[in-house]
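Here's entry23.cif, which has mmCIF, N, CA and C atoms:
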```
data_final
#
loop_
_atom_site.label_atom_id
_atom_site.label_comp_id
_atom_site.auth_asym_id
_atom_site.auth_seq_id
_atom_site.Cartn_x
_atom_site.Cartn_y
_atom_site.Cartn_z
N MET R 1 169.90 292.46 21.57
CA MET R 1 171.06 292.34 20.70
C MET R 1 170.82 291.21 19.70
N GLU R 2 171.14 291.48 18.46
CA GLU R 2 170.98 290.47 17.41
C GLU R 2 172.06 289.39 17.54
N ALA R 3 171.80 288.24 16.98
CA ALA R 3 172.77 287.15 16.99
C ALA R 3 173.98 287.52 16.16
N ILE R 4 175.14 287.10 16.62
CA ILE R 4 176.38 287.32 15.88
C ILE R 4 176.61 286.09 15.01
N LYS R 5 176.94 286.33 13.75
CA LYS R 5 177.19 285.24 12.81
C LYS R 5 178.63 284.77 12.99
N ILE R 6 178.80 283.53 13.39
CA ILE R 6 180.12 282.99 13.63
C ILE R 6 180.50 282.04 12.51
N LEU R 7 181.54 282.40 11.81
CA LEU R 7 182.12 281.58 10.74
C LEU R 7 181.12 281.15 9.68
N ASP R 8 180.27 282.08 9.25
CA ASP R 8 179.41 281.79 8.10
C ASP R 8 180.28 281.50 6.88
N LYS R 9 181.37 282.25 6.77
CA LYS R 9 182.31 282.08 5.66
C LYS R 9 183.61 281.57 6.24
N GLN R 10 183.95 280.34 5.94
CA GLN R 10 185.14 279.75 6.54
C GLN R 10 186.36 279.79 5.64
N GLU R 11 186.21 280.24 4.42
CA GLU R 11 187.36 280.30 3.52
C GLU R 11 188.22 281.52 3.84
N ASN R 12 189.43 281.51 3.35
CA ASN R 12 190.34 282.65 3.46
C ASN R 12 190.70 283.03 4.89
N LEU R 13 191.03 282.07 5.71
CA LEU R 13 191.52 282.39 7.04
C LEU R 13 192.97 282.87 6.92
N ASN R 14 193.26 284.00 7.52
CA ASN R 14 194.60 284.56 7.54
C ASN R 14 195.02 284.70 9.00
N TRP R 15 196.31 284.58 9.26
CA TRP R 15 196.78 284.74 10.62
C TRP R 15 198.14 285.39 10.64
N ASP R 16 198.43 286.01 11.77
CA ASP R 16 199.72 286.66 11.99
C ASP R 16 200.04 286.50 13.47
N TYR R 17 201.25 286.10 13.77
CA TYR R 17 201.66 285.92 15.16
C TYR R 17 202.74 286.92 15.51
N ASP R 18 202.52 287.70 16.55
CA ASP R 18 203.51 288.65 17.07
C ASP R 18 204.22 287.96 18.23
N GLU R 19 205.40 287.45 17.96
CA GLU R 19 206.13 286.67 18.96
C GLU R 19 206.51 287.52 20.17
N GLU R 20 206.93 288.74 19.93
CA GLU R 20 207.34 289.62 21.03
C GLU R 20 206.19 289.88 22.00
N ALA R 21 204.99 290.12 21.47
CA ALA R 21 203.82 290.39 22.30
C ALA R 21 203.08 289.10 22.68
N ASP R 22 203.41 287.98 22.04
CA ASP R 22 202.74 286.70 22.23
C ASP R 22 201.23 286.83 21.96
N VAL R 23 200.94 287.36 20.76
CA VAL R 23 199.55 287.57 20.35
C VAL R 23 199.35 286.96 18.96
N LEU R 24 198.28 286.18 18.82
CA LEU R 24 197.90 285.58 17.54
C LEU R 24 196.67 286.30 17.02
N TYR R 25 196.78 286.82 15.79
CA TYR R 25 195.67 287.49 15.14
C TYR R 25 195.15 286.59 14.03
N ILE R 26 193.88 286.26 14.07
CA ILE R 26 193.25 285.43 13.04
C ILE R 26 192.17 286.27 12.38
N SER R 27 192.20 286.34 11.05
CA SER R 27 191.20 287.10 10.31
C SER R 27 190.50 286.20 9.31
N ILE R 28 189.21 286.42 9.15
CA ILE R 28 188.45 285.73 8.12
C ILE R 28 188.45 286.68 6.93
N GLY R 29 189.15 286.29 5.87
CA GLY R 29 189.36 287.21 4.76
C GLY R 29 190.48 288.18 5.12
N ALA R 30 190.58 289.26 4.37
CA ALA R 30 191.60 290.27 4.63
C ALA R 30 191.30 290.97 5.94
N PRO R 31 192.34 291.27 6.75
CA PRO R 31 192.09 292.00 7.98
C PRO R 31 191.36 293.31 7.70
N GLN R 32 190.43 293.66 8.56
CA GLN R 32 189.65 294.89 8.38
C GLN R 32 189.30 295.50 9.72
N LYS R 33 188.94 296.78 9.69
CA LYS R 33 188.53 297.45 10.91
C LYS R 33 187.25 296.82 11.42
N ALA R 34 187.21 296.60 12.74
CA ALA R 34 186.04 295.96 13.34
C ALA R 34 186.03 296.28 14.83
N LEU R 35 184.90 296.06 15.44
CA LEU R 35 184.79 296.21 16.89
C LEU R 35 185.30 294.95 17.55
N GLY R 36 185.85 295.09 18.75
CA GLY R 36 186.34 293.93 19.47
C GLY R 36 185.59 293.76 20.78
N VAL R 37 185.30 292.51 21.11
CA VAL R 37 184.65 292.18 22.36
C VAL R 37 185.54 291.18 23.09
N ASP R 38 185.97 291.55 24.29
CA ASP R 38 186.78 290.65 25.11
C ASP R 38 185.86 289.58 25.68
N ILE R 39 186.10 288.34 25.29
CA ILE R 39 185.24 287.25 25.78
C ILE R 39 185.92 286.48 26.92
N GLY R 40 187.00 287.03 27.41
CA GLY R 40 187.67 286.45 28.57
C GLY R 40 188.86 285.58 28.21
N GLU R 41 189.72 285.42 29.20
CA GLU R 41 190.90 284.57 29.09
C GLU R 41 191.78 284.91 27.90
N GLY R 42 191.90 286.19 27.58
CA GLY R 42 192.79 286.63 26.52
C GLY R 42 192.25 286.46 25.11
N ALA R 43 190.96 286.25 24.96
CA ALA R 43 190.36 286.09 23.64
C ALA R 43 189.47 287.29 23.32
N ILE R 44 189.69 287.86 22.14
CA ILE R 44 188.92 289.01 21.69
C ILE R 44 188.32 288.68 20.33
N VAL R 45 187.00 288.73 20.24
CA VAL R 45 186.30 288.49 18.98
C VAL R 45 186.12 289.83 18.28
N ARG R 46 186.48 289.88 17.00
CA ARG R 46 186.31 291.10 16.20
C ARG R 46 185.15 290.89 15.24
N TYR R 47 184.25 291.89 15.20
CA TYR R 47 183.07 291.75 14.35
C TYR R 47 182.65 293.09 13.76
N ILE R 48 181.89 293.01 12.66
CA ILE R 48 181.33 294.19 12.01
C ILE R 48 179.99 294.48 12.68
N GLU R 49 179.88 295.66 13.25
CA GLU R 49 178.68 295.99 14.02
C GLU R 49 177.40 295.95 13.18
N ALA R 50 177.45 296.50 11.98
CA ALA R 50 176.25 296.61 11.14
C ALA R 50 175.67 295.25 10.77
N SER R 51 176.53 294.28 10.49
CA SER R 51 176.05 292.97 10.04
C SER R 51 176.10 291.89 11.12
N GLY R 52 176.86 292.13 12.18
CA GLY R 52 177.04 291.12 13.20
C GLY R 52 177.98 290.00 12.77
N GLU R 53 178.67 290.19 11.66
CA GLU R 53 179.55 289.16 11.12
C GLU R 53 180.90 289.16 11.83
N VAL R 54 181.31 288.01 12.33
CA VAL R 54 182.62 287.87 12.96
C VAL R 54 183.67 287.86 11.85
N VAL R 55 184.69 288.72 12.00
CA VAL R 55 185.73 288.81 10.99
C VAL R 55 187.11 288.48 11.53
N GLY R 56 187.18 288.18 12.82
CA GLY R 56 188.48 287.83 13.35
C GLY R 56 188.47 287.48 14.82
N LEU R 57 189.62 286.99 15.26
CA LEU R 57 189.81 286.59 16.63
C LEU R 57 191.24 286.95 17.01
N THR R 58 191.42 287.53 18.18
CA THR R 58 192.74 287.86 18.69
C THR R 58 192.94 287.05 19.97
N LEU R 59 194.06 286.33 20.03
CA LEU R 59 194.36 285.51 21.21
C LEU R 59 195.65 286.01 21.85
N VAL R 60 195.56 286.44 23.09
CA VAL R 60 196.69 286.97 23.83
C VAL R 60 197.28 285.86 24.70
N GLY R 61 198.61 285.75 24.70
CA GLY R 61 199.28 284.76 25.54
C GLY R 61 199.26 283.35 25.00
N VAL R 62 199.29 283.21 23.69
CA VAL R 62 199.18 281.89 23.05
C VAL R 62 200.35 280.98 23.43
N LYS R 63 201.55 281.46 23.30
CA LYS R 63 202.73 280.64 23.58
C LYS R 63 202.72 280.19 25.04
N GLU R 64 202.40 281.11 25.93
CA GLU R 64 202.35 280.79 27.35
C GLU R 64 201.32 279.70 27.63
N ARG R 65 200.16 279.79 26.99
CA ARG R 65 199.10 278.78 27.21
C ARG R 65 199.51 277.41 26.69
N VAL R 66 200.11 277.40 25.50
CA VAL R 66 200.54 276.13 24.91
C VAL R 66 201.59 275.48 25.80
N LEU R 67 202.58 276.25 26.24
CA LEU R 67 203.62 275.70 27.10
C LEU R 67 203.03 275.18 28.41
N LYS R 68 202.07 275.89 28.98
CA LYS R 68 201.42 275.44 30.22
C LYS R 68 200.71 274.11 29.99
N SER R 69 200.00 274.00 28.88
CA SER R 69 199.24 272.78 28.63
C SER R 69 200.16 271.59 28.34
N LEU R 70 201.30 271.86 27.72
CA LEU R 70 202.24 270.77 27.41
C LEU R 70 203.02 270.31 28.63
N THR R 71 203.33 271.24 29.51
CA THR R 71 204.14 270.90 30.68
C THR R 71 203.31 270.62 31.92
N GLY R 72 202.02 271.03 31.88
CA GLY R 72 201.15 270.82 33.02
C GLY R 72 201.44 271.74 34.19
N VAL R 73 202.22 272.78 33.93
CA VAL R 73 202.58 273.72 35.02
C VAL R 73 201.63 274.87 35.06
#
```

How would this structure read if it were set down as structure tokens?
Amino acid sequence: MEAIKILDKQENLNWDYDEEADVLYISIGAPQKALGVDIGEGAIVRYIEASGEVVGLTLVGVKERVLKSLTGV
């Protein structure tokens, strides 16, 4: 497997938070179709298969994690 390019282009970060689902979507540039790889603990990296370029990150359970870390529970 070829190396995946992580954040070669750091400009134009976009994000959207779905409060009902507690999911944070982060895109590098405009959101686009991409493959997703679950890297564990509710994190999914989205990348373009042909180039190996990472184009986004999806984080599940963000609010829950932040509250846990702030309260220590």

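Using only N, CA and C atoms, the contacts of stretch 48-59 of chain R at a cut-off of 5 Å, with sequence neighbours closer than 4 positions omitted, comprise R:Ile4, R:Lys5, R:Val23, R:Leu24, R:Tyr25, R:Ile26, R:Ser27, R:Ile28, R:Gly42, R:Ala43, R:Ile44.
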
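Nearest to R:Arg65 of all the residues R:Asp22, R:Asn14, R:Asp38, R:Gly29 is R:Asp22, based on only C-alpha atoms.
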
The distance between atom CA of R:Glu19 and atom CA of R:Tyr47 is 24.1 Å

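We find atom C of R:Asn12 and atom N of R:Ala30 to be spaced 6.3 Å apart.
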
Where does DSSP see strand (DSSP E or B) in chain R, if you list the residues as a PyMOL selection string? chain R and resi 5+13-18+23-28+35-40+43-47+53-60

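Pairwise distance (atom CA of R:Lys63, atom CA of R:Pro31) equals 22.0 Å.
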